[in-house]
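Okay, so here's the structure we're looking at.
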Amino acid sequence: MSISDQLPFSLLTYLECSLCKRNFDPQHIQTICPDCNQPLVARYDLTNAKTHLQRESISQRKRGMWRWHEFLPILNPQFVLTLGEGNTPLLHLQRLGQESGLPSLFLKDEGGNPTGSFKARGLAAAVSKARELAVEKLIIPTAGNAGGALAAYAARAGLDCHVLMPADTPLPNQRECALYGAKVTFVDGLINEAGRQAAEIAKREGWFDVSTFKEPYRLEGKKIMGYEIAQQFGWDLPDVILYPTGGGTGLVGIWKAIQELSELGWLETPNRPRMIAVQAEGCAPVVQAFENGAETCRLFDNASTSASGLRVPKPFADRLILQTIHQSNGLAVSVCESEIHSTQSRLAADEGVFVAPEGAATFAALLKLQAIGAIQAEERILLLNTG
């Protein structure tokens, strides 16, 4: 028996309100803190992991997100659902780096996940946990990719799925959800209106709402991006991580992973990356709040951008997003539509990487920050392409 065999499948111990720190039992269905109306965050027995688990043993396991199962919330392995999510590539963008005077420029490409985006990670964890807790009906508001991911994993689990999306959601996202067998409802408005209607339907008809941060486990699946980044960089993190920020789960999740890895003692240096939230100028509530020194975001009026994943007028976890930026000494920056489209073309033509507009926005933001001296040539820089 190896040392790691002495550990339970998951080291999840409790859920914690991100604001008041009240604890909740993860063996019962949980949503948000009823007192604070804030997200719940999963906590693990990292002391036990530090004693009985070695980081090198992880790489000897089967590839994929679930190789990190001790730090994921599923207590019984029989409830784990997978379509092969995780272990996405880390690409060195040598040509673009040379052109830009940034020789250590990298991109983590989440487009290789099932259903084509990082949303697969979060929904794999959320649907697995829902299955473990005997949830049968799942509902979600979506800008596109999250709906497709939920529909796929719900189909895999044999659960009912209801997706609400803006009427102008790209047609491939609409068709994807329908093909997976989900009920699809089109909403006159943006994702916040879809979220409002989803909450009403959930309450009225008994659906479980898996909106961003309205349940605790999508964060845990996306967190594993941070574990993979650390491993891919030889347990020595990049100096800067630029993340396209709509609902903010990935940004918060990567920072949560870094904090857990630090507590485990698995990182080689004390250096921590500056987390940079990237938004579109047409929908930049986080940038607006950051520049105003606010703790939360205001609703961004008349939100509009071709990067549909960034079209979130007011993220529910705005407090956590802004805390992540401040704790990491990071920034929030917005880019215009023409910058998004031009950098999308450059990434494709120069590096053979076909990124989503959201991913292209990170390179556009990098160039903007470099021009004002906020990024240095010697720094290791990581862009996240979310789909």
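By order of appearance in the structure tokens: chains A, B, ..., then residues from 1 within every chain, and ligands from 1 in the order shown.
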message = When you look at Thr305 (chain A) with a cut-off of 12 Å (counting only C-alpha atoms), what residues show up, excluding the ones that are within fewer than 2 positions of it in the same chain? I need them as number ranges by chain.
response = A: 143, 168-169, 190, 246, 279-284, 302-303, 307-313, 334-341, 357-358, 361
Keeping only C-alpha atoms, write the selected residues as a PDB file, in the first residue's frame.
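Output contents, as saved in again21.pdb:
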ATOM      1  CA  ALA A 143     -23.777  32.886 -22.533  1.00  0.00           C
ATOM      2  CA  ASP A 168     -28.675  36.161 -29.659  1.00  0.00           C
ATOM      3  CA  THR A 169     -26.415  33.391 -28.320  1.00  0.00           C
ATOM      4  CA  LEU A 190     -28.410  39.202 -21.281  1.00  0.00           C
ATOM      5  CA  GLY A 246     -16.867  37.212 -17.171  1.00  0.00           C
ATOM      6  CA  GLN A 279     -12.606  42.373 -19.968  1.00  0.00           C
ATOM      7  CA  ALA A 280     -14.079  43.959 -23.074  1.00  0.00           C
ATOM      8  CA  GLU A 281     -14.612  47.714 -23.071  1.00  0.00           C
ATOM      9  CA  GLY A 282     -18.263  47.099 -23.898  1.00  0.00           C
ATOM     10  CA  CYS A 283     -18.749  45.122 -20.669  1.00  0.00           C
ATOM     11  CA  ALA A 284     -16.179  45.933 -18.002  1.00  0.00           C
ATOM     12  CA  ASN A 302     -25.831  48.447 -22.151  1.00  0.00           C
ATOM     13  CA  ALA A 303     -23.287  45.622 -22.073  1.00  0.00           C
ATOM     14  CA  ALA A 307     -16.827  37.919 -26.754  1.00  0.00           C
ATOM     15  CA  SER A 308     -20.053  36.463 -25.382  1.00  0.00           C
ATOM     16  CA  GLY A 309     -18.317  34.868 -22.384  1.00  0.00           C
ATOM     17  CA  LEU A 310     -17.289  38.356 -21.250  1.00  0.00           C
ATOM     18  CA  ARG A 311     -20.801  39.768 -21.540  1.00  0.00           C
ATOM     19  CA  VAL A 312     -21.617  39.527 -17.836  1.00  0.00           C
ATOM     20  CA  PRO A 313     -22.914  42.923 -16.663  1.00  0.00           C
ATOM     21  CA  SER A 334     -10.277  46.236 -20.750  1.00  0.00           C
ATOM     22  CA  VAL A 335      -9.695  46.044 -24.505  1.00  0.00           C
ATOM     23  CA  CYS A 336     -11.752  47.184 -27.480  1.00  0.00           C
ATOM     24  CA  GLU A 337     -13.382  45.009 -30.132  1.00  0.00           C
ATOM     25  CA  SER A 338     -10.842  45.826 -32.834  1.00  0.00           C
ATOM     26  CA  GLU A 339      -7.998  44.803 -30.493  1.00  0.00           C
ATOM     27  CA  ILE A 340      -9.726  41.502 -29.772  1.00  0.00           C
ATOM     28  CA  HIS A 341     -10.192  40.704 -33.462  1.00  0.00           C
ATOM     29  CA  PRO A 357     -12.430  36.096 -28.716  1.00  0.00           C
ATOM     30  CA  GLU A 358     -12.195  35.809 -24.931  1.00  0.00           C
ATOM     31  CA  ALA A 361      -8.562  39.535 -25.366  1.00  0.00           C
TER      32      ALA A 361
END
task = Run DSSP on the backbone and grab whatever in region 92-272 of chain A lands in strand (DSSP E or B); send it over as a PyMOL selection string.
result = chain A and resi 92+105-109+137-141+160-166+183-187+208-209+240-244
message = So that I can check the surroundings of Pro170 (chain A), please list as an MDAnalysis selection string every protein, DNA and RNA residue that reaches within 10 Å of it, counting only C-alpha atoms and ignoring chain neighbours fewer than 3 positions away.
response = chainID A and resid 143:145 165:167 173:175 306 308
Can you write just those residues out, all heavy atoms, as a PDB file, in the first residue's frame?
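Writing done, so here's result_37.pdb:
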ATOM      1  N   ALA A 143     -24.100  32.069 -21.364  1.00  0.00           N
ATOM      2  CA  ALA A 143     -23.777  32.886 -22.533  1.00  0.00           C
ATOM      3  C   ALA A 143     -23.444  31.984 -23.718  1.00  0.00           C
ATOM      4  O   ALA A 143     -23.210  32.460 -24.819  1.00  0.00           O
ATOM      5  CB  ALA A 143     -22.599  33.791 -22.215  1.00  0.00           C
ATOM      6  N   GLY A 144     -23.382  30.669 -23.478  1.00  0.00           N
ATOM      7  CA  GLY A 144     -23.119  29.718 -24.555  1.00  0.00           C
ATOM      8  C   GLY A 144     -22.419  28.458 -24.108  1.00  0.00           C
ATOM      9  O   GLY A 144     -23.001  27.368 -24.073  1.00  0.00           O
ATOM     10  N   ASN A 145     -21.138  28.563 -23.733  1.00  0.00           N
ATOM     11  CA  ASN A 145     -20.324  27.380 -23.465  1.00  0.00           C
ATOM     12  C   ASN A 145     -20.735  26.613 -22.216  1.00  0.00           C
ATOM     13  O   ASN A 145     -20.666  25.381 -22.184  1.00  0.00           O
ATOM     14  CB  ASN A 145     -18.847  27.767 -23.360  1.00  0.00           C
ATOM     15  CG  ASN A 145     -18.245  28.091 -24.721  1.00  0.00           C
ATOM     16  OD1 ASN A 145     -18.647  27.531 -25.725  1.00  0.00           O
ATOM     17  ND2 ASN A 145     -17.293  29.006 -24.747  1.00  0.00           N
ATOM     18  N   MET A 165     -30.718  30.852 -22.275  1.00  0.00           N
ATOM     19  CA  MET A 165     -29.664  31.635 -22.918  1.00  0.00           C
ATOM     20  C   MET A 165     -30.253  32.843 -23.629  1.00  0.00           C
ATOM     21  O   MET A 165     -31.410  32.812 -24.068  1.00  0.00           O
ATOM     22  CB  MET A 165     -28.874  30.770 -23.901  1.00  0.00           C
ATOM     23  CG  MET A 165     -29.692  30.141 -24.998  1.00  0.00           C
ATOM     24  SD  MET A 165     -28.669  29.261 -26.229  1.00  0.00           S
ATOM     25  CE  MET A 165     -27.852  28.010 -25.247  1.00  0.00           C
ATOM     26  N   PRO A 166     -29.475  33.925 -23.746  1.00  0.00           N
ATOM     27  CA  PRO A 166     -29.934  35.068 -24.533  1.00  0.00           C
ATOM     28  C   PRO A 166     -30.302  34.641 -25.946  1.00  0.00           C
ATOM     29  O   PRO A 166     -29.673  33.749 -26.527  1.00  0.00           O
ATOM     30  CB  PRO A 166     -28.725  36.009 -24.521  1.00  0.00           C
ATOM     31  CG  PRO A 166     -27.990  35.667 -23.256  1.00  0.00           C
ATOM     32  CD  PRO A 166     -28.163  34.186 -23.100  1.00  0.00           C
ATOM     33  N   ALA A 167     -31.300  35.275 -26.510  1.00  0.00           N
ATOM     34  CA  ALA A 167     -31.782  34.897 -27.837  1.00  0.00           C
ATOM     35  C   ALA A 167     -30.714  35.067 -28.913  1.00  0.00           C
ATOM     36  O   ALA A 167     -30.770  34.402 -29.956  1.00  0.00           O
ATOM     37  CB  ALA A 167     -33.023  35.707 -28.193  1.00  0.00           C
ATOM     38  N   ASN A 173     -23.849  27.176 -30.230  1.00  0.00           N
ATOM     39  CA  ASN A 173     -24.138  26.913 -28.816  1.00  0.00           C
ATOM     40  C   ASN A 173     -25.585  26.479 -28.617  1.00  0.00           C
ATOM     41  O   ASN A 173     -25.879  25.582 -27.812  1.00  0.00           O
ATOM     42  CB  ASN A 173     -23.860  28.159 -27.969  1.00  0.00           C
ATOM     43  CG  ASN A 173     -22.407  28.572 -27.975  1.00  0.00           C
ATOM     44  OD1 ASN A 173     -22.072  29.656 -28.415  1.00  0.00           O
ATOM     45  ND2 ASN A 173     -21.534  27.712 -27.484  1.00  0.00           N
ATOM     46  N   GLN A 174     -26.479  27.108 -29.350  1.00  0.00           N
ATOM     47  CA  GLN A 174     -27.892  26.733 -29.262  1.00  0.00           C
ATOM     48  C   GLN A 174     -28.091  25.276 -29.689  1.00  0.00           C
ATOM     49  O   GLN A 174     -28.740  24.483 -29.004  1.00  0.00           O
ATOM     50  CB  GLN A 174     -28.739  27.640 -30.158  1.00  0.00           C
ATOM     51  CG  GLN A 174     -28.717  29.117 -29.791  1.00  0.00           C
ATOM     52  CD  GLN A 174     -29.581  29.934 -30.735  1.00  0.00           C
ATOM     53  OE1 GLN A 174     -30.526  29.419 -31.349  1.00  0.00           O
ATOM     54  NE2 GLN A 174     -29.277  31.220 -30.882  1.00  0.00           N
ATOM     55  N   ARG A 175     -27.524  24.932 -30.847  1.00  0.00           N
ATOM     56  CA  ARG A 175     -27.701  23.588 -31.397  1.00  0.00           C
ATOM     57  C   ARG A 175     -27.042  22.530 -30.520  1.00  0.00           C
ATOM     58  O   ARG A 175     -27.572  21.420 -30.354  1.00  0.00           O
ATOM     59  CB  ARG A 175     -27.131  23.522 -32.823  1.00  0.00           C
ATOM     60  CG  ARG A 175     -27.931  24.337 -33.828  1.00  0.00           C
ATOM     61  CD  ARG A 175     -27.302  24.286 -35.213  1.00  0.00           C
ATOM     62  NE  ARG A 175     -27.201  22.916 -35.708  1.00  0.00           N
ATOM     63  CZ  ARG A 175     -28.174  22.251 -36.309  1.00  0.00           C
ATOM     64  NH1 ARG A 175     -29.347  22.828 -36.478  1.00  0.00           N
ATOM     65  NH2 ARG A 175     -27.983  21.023 -36.756  1.00  0.00           N
ATOM     66  N   SER A 306     -18.524  41.151 -28.702  1.00  0.00           N
ATOM     67  CA  SER A 306     -18.555  39.923 -29.506  1.00  0.00           C
ATOM     68  C   SER A 306     -18.045  38.728 -28.713  1.00  0.00           C
ATOM     69  O   SER A 306     -18.298  37.578 -29.081  1.00  0.00           O
ATOM     70  CB  SER A 306     -17.705  40.106 -30.767  1.00  0.00           C
ATOM     71  OG  SER A 306     -16.343  40.358 -30.424  1.00  0.00           O
ATOM     72  N   SER A 308     -18.830  36.686 -26.165  1.00  0.00           N
ATOM     73  CA  SER A 308     -20.053  36.463 -25.382  1.00  0.00           C
ATOM     74  C   SER A 308     -19.769  36.012 -23.950  1.00  0.00           C
ATOM     75  O   SER A 308     -20.534  36.320 -23.037  1.00  0.00           O
ATOM     76  CB  SER A 308     -20.950  35.439 -26.085  1.00  0.00           C
ATOM     77  OG  SER A 308     -20.269  34.214 -26.286  1.00  0.00           O
TER      78      SER A 308
END
request  = Mind checking which residues fall within 10 Å of Ser59 (chain A), counting only C-alpha atoms, ignoring those fewer than 6 positions away in the same chain, and posting them as a PyMOL selection string?
outcome  = chain A and resi 67-68+231
May I have the residues from that selection written out with N, CA and C atoms, as a PDB file, in the first residue's frame?
ATOM      1  N   ARG A  67      -7.168  13.175 -11.772  1.00  0.00           N
ATOM      2  CA  ARG A  67      -5.946  12.708 -11.101  1.00  0.00           C
ATOM      3  C   ARG A  67      -5.709  13.495  -9.802  1.00  0.00           C
ATOM      4  N   TRP A  68      -6.367  14.658  -9.688  1.00  0.00           N
ATOM      5  CA  TRP A  68      -6.255  15.511  -8.502  1.00  0.00           C
ATOM      6  C   TRP A  68      -7.441  15.293  -7.554  1.00  0.00           C
ATOM      7  N   GLN A 231       2.190  22.433 -12.090  1.00  0.00           N
ATOM      8  CA  GLN A 231       2.924  21.239 -12.500  1.00  0.00           C
ATOM      9  C   GLN A 231       3.628  21.473 -13.836  1.00  0.00           C
TER      10      GLN A 231
END
query = With only C-alpha atoms as the basis for distance, which of A:Leu53, A:Leu93, A:Leu46, A:Val252 is at the shortest distance from Ala317 (chain A)?
reply =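 Smallest distance to Ala317 (chain A) is found for A:Val252.
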request  = Mind checking which residues fall within 12 Å of Leu261 (chain A), counting only C-alpha atoms, ignoring those fewer than 3 positions away in the same chain, and posting them as a PyMOL selection string?
outcome  = chain A and resi 44+46-47+49-50+54-55+68+71+223-224+226-231+235-237+254-258+264-270+272
Close residues, Pro39 (chain A) itself excluded, 7 Å, only C-alpha atoms, min 2 positions apart in chain, as a ChimeraX atom specification = /A:17-18,32-33,41,213-214,216,317
